[in-house]
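The next block is data12.cif, given as mmCIF, C-alpha atoms.
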```
data_protein
loop_
_atom_site.group_PDB
_atom_site.id
_atom_site.type_symbol
_atom_site.label_atom_id
_atom_site.label_comp_id
_atom_site.auth_asym_id
_atom_site.auth_seq_id
_atom_site.Cartn_x
_atom_site.Cartn_y
_atom_site.Cartn_z
ATOM 1 C CA MET A 1 -58.226 90.449 -61.986
ATOM 2 C CA HIS A 2 -56.829 93.931 -61.490
ATOM 3 C CA GLU A 3 -55.348 95.620 -64.578
ATOM 4 C CA SER A 4 -51.997 96.058 -62.834
ATOM 5 C CA VAL A 5 -51.730 92.257 -62.447
ATOM 6 C CA VAL A 6 -52.624 91.750 -66.124
ATOM 7 C CA LEU A 7 -50.046 94.349 -67.169
ATOM 8 C CA GLN A 8 -47.414 92.686 -64.985
ATOM 9 C CA HIS A 9 -48.066 89.312 -66.674
ATOM 10 C CA LEU A 10 -47.784 90.942 -70.105
ATOM 11 C CA SER A 11 -44.527 92.637 -69.144
ATOM 12 C CA ASP A 12 -43.014 89.605 -67.394
ATOM 13 C CA THR A 13 -43.601 87.380 -70.440
ATOM 14 C CA GLY A 14 -42.283 89.896 -72.978
ATOM 15 C CA ALA A 15 -45.682 90.160 -74.667
ATOM 16 C CA LEU A 16 -45.445 93.966 -75.004
ATOM 17 C CA LEU A 17 -42.965 94.771 -77.746
ATOM 18 C CA GLU A 18 -41.438 98.090 -78.828
ATOM 19 C CA GLY A 19 -40.405 98.981 -82.385
ATOM 20 C CA HIS A 20 -42.186 99.854 -85.657
ATOM 21 C CA PHE A 21 -45.073 97.529 -86.404
ATOM 22 C CA LEU A 22 -47.599 97.036 -89.183
ATOM 23 C CA LEU A 23 -50.847 95.926 -87.567
ATOM 24 C CA ARG A 24 -53.417 93.667 -89.264
ATOM 25 C CA SER A 25 -55.706 96.726 -89.355
ATOM 26 C CA GLY A 26 -53.212 98.427 -91.713
ATOM 27 C CA LEU A 27 -52.251 100.964 -89.053
ATOM 28 C CA HIS A 28 -48.706 101.410 -87.759
ATOM 29 C CA SER A 29 -47.632 101.493 -84.105
ATOM 30 C CA ASP A 30 -44.492 101.776 -81.997
ATOM 31 C CA ARG A 31 -45.835 99.161 -79.542
ATOM 32 C CA TYR A 32 -47.216 95.705 -80.207
ATOM 33 C CA PHE A 33 -48.974 93.127 -78.062
ATOM 34 C CA GLN A 34 -47.853 89.612 -79.046
ATOM 35 C CA ALA A 35 -50.429 87.446 -77.269
ATOM 36 C CA ALA A 36 -48.607 84.211 -78.051
ATOM 37 C CA LEU A 37 -45.761 85.275 -75.761
ATOM 38 C CA VAL A 38 -48.058 85.385 -72.730
ATOM 39 C CA LEU A 39 -50.284 82.482 -73.836
ATOM 40 C CA GLN A 40 -47.305 80.097 -74.108
ATOM 41 C CA HIS A 41 -47.200 80.174 -70.314
ATOM 42 C CA THR A 42 -50.093 77.811 -69.656
ATOM 43 C CA VAL A 43 -50.638 78.646 -65.992
ATOM 44 C CA ILE A 44 -50.703 82.382 -66.717
ATOM 45 C CA ALA A 45 -52.938 81.861 -69.770
ATOM 46 C CA ALA A 46 -55.390 79.831 -67.680
ATOM 47 C CA LYS A 47 -55.542 82.565 -65.005
ATOM 48 C CA LEU A 48 -56.022 85.385 -67.517
ATOM 49 C CA CYS A 49 -58.692 83.536 -69.493
ATOM 50 C CA ALA A 50 -60.519 82.429 -66.337
ATOM 51 C CA ALA A 51 -60.727 86.095 -65.359
ATOM 52 C CA MET A 52 -62.109 86.868 -68.840
ATOM 53 C CA ALA A 53 -64.686 84.076 -68.517
ATOM 54 C CA LYS A 54 -65.881 85.314 -65.129
ATOM 55 C CA ALA A 55 -67.455 88.367 -66.775
ATOM 56 C CA TRP A 56 -69.719 86.058 -68.845
ATOM 57 C CA GLU A 57 -70.704 83.423 -66.262
ATOM 58 C CA ASP A 58 -74.317 84.600 -65.988
ATOM 59 C CA GLN A 59 -74.976 84.888 -69.749
ATOM 60 C CA ASP A 60 -75.931 81.254 -70.513
ATOM 61 C CA ILE A 61 -73.112 80.891 -73.032
ATOM 62 C CA GLU A 62 -73.338 77.595 -74.932
ATOM 63 C CA THR A 63 -70.293 77.892 -77.199
ATOM 64 C CA VAL A 64 -67.156 80.011 -77.438
ATOM 65 C CA ILE A 65 -65.861 80.778 -80.941
ATOM 66 C CA SER A 66 -62.547 82.335 -81.864
ATOM 67 C CA PRO A 67 -61.010 83.477 -85.121
ATOM 68 C CA ALA A 68 -57.916 81.385 -85.892
ATOM 69 C CA ILE A 69 -55.181 81.521 -85.084
ATOM 70 C CA GLY A 70 -54.615 84.163 -82.423
ATOM 71 C CA GLY A 71 -57.854 83.573 -80.551
ATOM 72 C CA ILE A 72 -57.744 79.762 -80.379
ATOM 73 C CA VAL A 73 -55.957 79.436 -77.029
ATOM 74 C CA VAL A 74 -58.040 82.250 -75.531
ATOM 75 C CA GLY A 75 -61.271 80.633 -76.729
ATOM 76 C CA GLN A 76 -60.233 77.185 -75.503
ATOM 77 C CA GLU A 77 -59.370 78.467 -72.029
ATOM 78 C CA ILE A 78 -62.523 80.583 -71.743
ATOM 79 C CA GLY A 79 -64.614 77.637 -72.904
ATOM 80 C CA ARG A 80 -62.970 75.424 -70.289
ATOM 81 C CA SER A 81 -63.611 78.001 -67.574
ATOM 82 C CA LEU A 82 -67.279 78.293 -68.577
ATOM 83 C CA GLY A 83 -67.650 74.523 -69.019
ATOM 84 C CA VAL A 84 -68.761 74.826 -72.662
ATOM 85 C CA ARG A 85 -67.358 73.781 -76.010
ATOM 86 C CA ALA A 86 -64.857 75.962 -77.831
ATOM 87 C CA ILE A 87 -64.584 76.106 -81.623
ATOM 88 C CA PHE A 88 -62.686 78.279 -84.067
ATOM 89 C CA ALA A 89 -63.215 79.821 -87.483
ATOM 90 C CA GLU A 90 -60.561 79.670 -90.190
ATOM 91 C CA LYS A 91 -59.663 81.962 -93.087
ATOM 92 C CA ASP A 92 -60.087 80.933 -96.696
ATOM 93 C CA GLU A 93 -57.903 82.196 -99.560
ATOM 94 C CA GLU A 94 -59.754 85.534 -99.569
ATOM 95 C CA SER A 95 -59.436 85.941 -95.761
ATOM 96 C CA ASN A 96 -63.133 85.197 -95.148
ATOM 97 C CA LEU A 97 -63.906 83.154 -92.063
ATOM 98 C CA HIS A 98 -65.582 79.746 -92.230
ATOM 99 C CA LEU A 99 -66.351 76.875 -89.903
ATOM 100 C CA ARG A 100 -64.449 73.744 -90.882
ATOM 101 C CA ARG A 101 -63.439 70.458 -89.243
ATOM 102 C CA GLY A 102 -67.085 69.527 -88.607
ATOM 103 C CA PHE A 103 -67.769 72.604 -86.447
ATOM 104 C CA THR A 104 -71.268 74.031 -86.678
ATOM 105 C CA LEU A 105 -73.665 76.274 -84.776
ATOM 106 C CA LYS A 106 -77.389 75.793 -84.170
ATOM 107 C CA PRO A 107 -80.033 78.477 -84.678
ATOM 108 C CA GLY A 108 -80.541 80.309 -81.397
ATOM 109 C CA GLU A 109 -77.280 78.999 -79.878
ATOM 110 C CA ARG A 110 -75.767 81.554 -77.483
ATOM 111 C CA VAL A 111 -72.197 82.206 -78.586
ATOM 112 C CA LEU A 112 -69.354 84.183 -77.026
ATOM 113 C CA ILE A 113 -66.665 85.491 -79.389
ATOM 114 C CA ALA A 114 -63.162 85.253 -77.867
ATOM 115 C CA GLU A 115 -60.071 87.014 -79.199
ATOM 116 C CA ASP A 116 -56.606 87.864 -77.960
ATOM 117 C CA VAL A 117 -56.493 91.517 -79.076
ATOM 118 C CA ILE A 118 -58.760 94.003 -80.825
ATOM 119 C CA THR A 119 -57.694 97.212 -82.574
ATOM 120 C CA LYS A 120 -60.345 98.067 -85.161
ATOM 121 C CA GLY A 121 -62.398 94.899 -84.814
ATOM 122 C CA GLY A 122 -62.318 93.609 -88.386
ATOM 123 C CA ARG A 123 -61.682 89.939 -87.583
ATOM 124 C CA VAL A 124 -64.112 90.038 -84.645
ATOM 125 C CA GLN A 125 -66.783 91.551 -86.912
ATOM 126 C CA GLN A 126 -66.227 88.720 -89.388
ATOM 127 C CA THR A 127 -66.698 86.243 -86.543
ATOM 128 C CA ILE A 128 -69.926 87.942 -85.439
ATOM 129 C CA ASP A 129 -71.176 87.833 -89.041
ATOM 130 C CA LEU A 130 -70.306 84.131 -89.234
ATOM 131 C CA VAL A 131 -72.226 83.395 -86.013
ATOM 132 C CA ARG A 132 -75.238 85.256 -87.372
ATOM 133 C CA ALA A 133 -75.001 83.393 -90.697
ATOM 134 C CA TYR A 134 -75.813 80.244 -88.705
ATOM 135 C CA SER A 135 -78.735 82.085 -87.003
ATOM 136 C CA ALA A 136 -76.901 81.745 -83.710
ATOM 137 C CA ILE A 137 -76.805 84.617 -81.201
ATOM 138 C CA PRO A 138 -73.557 86.558 -80.624
ATOM 139 C CA VAL A 139 -73.957 87.296 -76.909
ATOM 140 C CA GLY A 140 -70.709 89.180 -76.468
ATOM 141 C CA ILE A 141 -67.013 89.576 -77.126
ATOM 142 C CA ALA A 142 -64.300 88.599 -74.641
ATOM 143 C CA VAL A 143 -60.933 90.160 -75.469
ATOM 144 C CA MET A 144 -57.710 89.924 -73.538
ATOM 145 C CA VAL A 145 -56.362 93.281 -74.757
ATOM 146 C CA ASP A 146 -58.430 96.133 -76.190
ATOM 147 C CA ARG A 147 -56.059 98.323 -78.229
ATOM 148 C CA SER A 148 -58.935 100.552 -79.336
ATOM 149 C CA ALA A 149 -59.129 102.305 -75.952
ATOM 150 C CA GLY A 150 -62.810 101.385 -75.858
ATOM 151 C CA GLY A 151 -63.383 102.850 -79.312
ATOM 152 C CA VAL A 152 -64.705 99.717 -81.045
ATOM 153 C CA ASP A 153 -68.490 99.275 -81.079
ATOM 154 C CA LEU A 154 -69.622 96.177 -82.963
ATOM 155 C CA GLY A 155 -73.173 96.261 -81.591
ATOM 156 C CA VAL A 156 -72.388 93.438 -79.157
ATOM 157 C CA PRO A 157 -71.122 93.891 -75.573
ATOM 158 C CA LEU A 158 -67.327 93.812 -75.409
ATOM 159 C CA LYS A 159 -65.407 93.101 -72.220
ATOM 160 C CA SER A 160 -61.614 93.119 -72.019
ATOM 161 C CA LEU A 161 -59.107 92.355 -69.303
ATOM 162 C CA ILE A 162 -57.185 95.499 -70.093
ATOM 163 C CA GLU A 163 -57.344 98.502 -72.400
ATOM 164 C CA LEU A 164 -53.948 99.443 -73.756
ATOM 165 C CA ASN A 165 -53.883 102.897 -75.236
ATOM 166 C CA LEU A 166 -51.031 102.176 -77.614
ATOM 167 C CA PRO A 167 -50.595 104.826 -80.301
ATOM 168 C CA THR A 168 -51.512 103.936 -83.862
ATOM 169 C CA PHE A 169 -50.851 105.879 -87.036
ATOM 170 C CA GLU A 170 -52.139 105.891 -90.563
ATOM 171 C CA PRO A 171 -49.154 104.939 -92.756
ATOM 172 C CA ALA A 172 -48.988 108.398 -94.384
ATOM 173 C CA GLN A 173 -48.765 110.087 -90.934
ATOM 174 C CA CYS A 174 -46.510 107.537 -89.235
ATOM 175 C CA PRO A 175 -43.538 109.319 -87.587
ATOM 176 C CA LEU A 176 -41.502 106.103 -87.678
ATOM 177 C CA CYS A 177 -41.963 105.813 -91.446
ATOM 178 C CA GLN A 178 -40.965 109.460 -91.798
ATOM 179 C CA LYS A 179 -37.755 108.678 -89.866
ATOM 180 C CA GLY A 180 -37.065 105.680 -92.112
ATOM 181 C CA VAL A 181 -37.358 103.122 -89.290
ATOM 182 C CA PRO A 182 -37.803 99.648 -90.816
ATOM 183 C CA ILE A 183 -41.263 98.185 -90.277
ATOM 184 C CA ASP A 184 -42.013 94.760 -88.854
ATOM 185 C CA LYS A 185 -45.198 92.771 -89.440
ATOM 186 C CA PRO A 186 -45.156 90.593 -86.340
ATOM 187 C CA GLY A 187 -48.526 88.827 -86.738
ATOM 188 C CA SER A 188 -47.857 85.109 -86.412
ATOM 189 C CA LYS A 189 -44.037 85.329 -86.528
#
```
Could you render the structure from this file as structure tokens?
Amino acid sequence: MHESVVLQHLSDTGALLEGHFLLRSGLHSDRYFQAALVLQHTVIAAKLCAAMAKAWEDQDIETVISPAIGGIVVGQEIGRSLGVRAIFAEKDEESNLHLRRGFTLKPGERVLIAEDVITKGGRVQQTIDLVRAYSAIPVGIAVMVDRSAGGVDLGVPLKSLIELNLPTFEPAQCPLCQKGVPIDKPGSK
């Protein structure tokens, strides 16, 4: 799927927001990608995730895993497109990821990590670590939107539908903070 088509879907569904945002990474930005706003449109979500899955068709993926909650729909749709099971990892009280609900991985199982958006890669790294803790093999990372502009290297191949070079700022250097613009933590709102 061409990036212009992806960008059009993101724009048409209102998934690209403007304002002053606190990202999960701790960075600030004047733009935010709210994946849920595009993923609520099931036909569009299926098309986008099928395009993401296509890049992994020849990798003998056995399972798709996503960090909850943002990656669940993405992982489910990619799993469906690849014809494999899709599971998700959940946070505990300390924000560590765990498999629950009877989910498990086998040693040597080939696993694709699926996520809606990546900025610094912290949650994706936790998911990779979780896969490895089960002695399974993290084959790659499928991401709808790469906010890092290709700058994240987690030692596993990463393929995204689109790279959005949205500016990010350390809080102390954030021009919006300096102007007194109220900050929003959109996350799962």
Convert the output of the PyMOL selection byres ((chain A and resi 147) around 9) on the shown file into explicit residues, formatted as an MDAnalysis selection string.
-> chainID A and resid 33 117:120 145:146 148:151 162:167
Within 10 Å of segment 127-136 of chain A using only C-alpha atoms, minus same-chain residues under 2 positions, as a PDB file with C-alpha atoms, keeping the file's coordinate frame:
```
ATOM      1  CA  ILE A  65     -65.861  80.778 -80.941  1.00  0.00           C
ATOM      2  CA  SER A  66     -62.547  82.335 -81.864  1.00  0.00           C
ATOM      3  CA  PRO A  67     -61.010  83.477 -85.121  1.00  0.00           C
ATOM      4  CA  PHE A  88     -62.686  78.279 -84.067  1.00  0.00           C
ATOM      5  CA  ALA A  89     -63.215  79.821 -87.483  1.00  0.00           C
ATOM      6  CA  GLU A  90     -60.561  79.670 -90.190  1.00  0.00           C
ATOM      7  CA  ASN A  96     -63.133  85.197 -95.148  1.00  0.00           C
ATOM      8  CA  LEU A  97     -63.906  83.154 -92.063  1.00  0.00           C
ATOM      9  CA  HIS A  98     -65.582  79.746 -92.230  1.00  0.00           C
ATOM     10  CA  LEU A  99     -66.351  76.875 -89.903  1.00  0.00           C
ATOM     11  CA  THR A 104     -71.268  74.031 -86.678  1.00  0.00           C
ATOM     12  CA  LEU A 105     -73.665  76.274 -84.776  1.00  0.00           C
ATOM     13  CA  LYS A 106     -77.389  75.793 -84.170  1.00  0.00           C
ATOM     14  CA  PRO A 107     -80.033  78.477 -84.678  1.00  0.00           C
ATOM     15  CA  GLY A 108     -80.541  80.309 -81.397  1.00  0.00           C
ATOM     16  CA  GLU A 109     -77.280  78.999 -79.878  1.00  0.00           C
ATOM     17  CA  ARG A 110     -75.767  81.554 -77.483  1.00  0.00           C
ATOM     18  CA  VAL A 111     -72.197  82.206 -78.586  1.00  0.00           C
ATOM     19  CA  LEU A 112     -69.354  84.183 -77.026  1.00  0.00           C
ATOM     20  CA  ILE A 113     -66.665  85.491 -79.389  1.00  0.00           C
ATOM     21  CA  ALA A 114     -63.162  85.253 -77.867  1.00  0.00           C
ATOM     22  CA  GLU A 115     -60.071  87.014 -79.199  1.00  0.00           C
ATOM     23  CA  GLY A 121     -62.398  94.899 -84.814  1.00  0.00           C
ATOM     24  CA  GLY A 122     -62.318  93.609 -88.386  1.00  0.00           C
ATOM     25  CA  ARG A 123     -61.682  89.939 -87.583  1.00  0.00           C
ATOM     26  CA  VAL A 124     -64.112  90.038 -84.645  1.00  0.00           C
ATOM     27  CA  GLN A 125     -66.783  91.551 -86.912  1.00  0.00           C
ATOM     28  CA  PRO A 138     -73.557  86.558 -80.624  1.00  0.00           C
ATOM     29  CA  VAL A 139     -73.957  87.296 -76.909  1.00  0.00           C
ATOM     30  CA  GLY A 140     -70.709  89.180 -76.468  1.00  0.00           C
ATOM     31  CA  ILE A 141     -67.013  89.576 -77.126  1.00  0.00           C
ATOM     32  CA  LEU A 154     -69.622  96.177 -82.963  1.00  0.00           C
ATOM     33  CA  GLY A 155     -73.173  96.261 -81.591  1.00  0.00           C
ATOM     34  CA  VAL A 156     -72.388  93.438 -79.157  1.00  0.00           C
TER      35      VAL A 156
END
```
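Going from atom CA of Glu57 of chain A to atom CA of Leu82 of chain A covers 6.6 Å.
The residues returned by the PyMOL selection byres ((chain A and resi 185) around 6) on the shown structure are Phe21, Leu22, Asp184, Pro186 and Gly187 of chain A.
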Please dump the current selection as an mmCIF file, in the frame of the given file; keep C-alpha atoms.
```cif
data_model
loop_
_atom_site.group_PDB
_atom_site.id
_atom_site.type_symbol
_atom_site.label_atom_id
_atom_site.label_comp_id
_atom_site.auth_asym_id
_atom_site.auth_seq_id
_atom_site.Cartn_x
_atom_site.Cartn_y
_atom_site.Cartn_z
ATOM 1 C CA PHE A 21 -45.073 97.529 -86.404
ATOM 2 C CA LEU A 22 -47.599 97.036 -89.183
ATOM 3 C CA ASP A 184 -42.013 94.760 -88.854
ATOM 4 C CA PRO A 186 -45.156 90.593 -86.340
ATOM 5 C CA GLY A 187 -48.526 88.827 -86.738
#
```
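Proximity of A:Leu161, A:Leu23, A:Met52, A:Leu37 to Gly75 of chain A, computed with only C-alpha atoms, is greatest for A:Met52.
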Would you kindly translate the PyMOL selection byres ((chain A and resi 17) around 10) into the concrete residues it picks from this file, as a PyMOL selection string?
-> chain A and resi 10-11+14-16+18-21+30-34+186
Rounded to one decimal place, report the atom CA of Asp12 of chain A-atom CA of Pro157 of chain A distance in Å.
-> 29.6 Å
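For the pair atom CA of Glu62 of chain A and atom CA of Gly79 of chain A, the interatomic distance is 9.0 Å.
Of the residues under consideration (A:Ile78, A:Val181, A:Met1, A:Cys174), A:Cys174 shows the shortest atom-to-atom contact distance to His28 of chain A when counting only C-alpha atoms.
Distances to Ala46 of chain A were evaluated for A:Ser81, A:Ile61, A:Pro182, A:Glu94 using only C-alpha atoms, and the minimum falls at A:Ser81.
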Looking at only C-alpha atoms, which of A:Ile44, A:Leu27, A:Ile72, A:His9 is the one that sits closest to Gln173 of chain A?
-> A:Leu27
Nearest to Asp60 of chain A, restricted to all atoms listed in the file and choosing among A:Gly26, A:Lys91, A:Thr13, A:Ile137, comes out as A:Ile137
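The nearest approach to Arg100 of chain A among the residues A:Glu3, A:Asp153, A:Gly83, A:Ala68, with all atoms listed in the file taken into account, belongs to A:Ala68.
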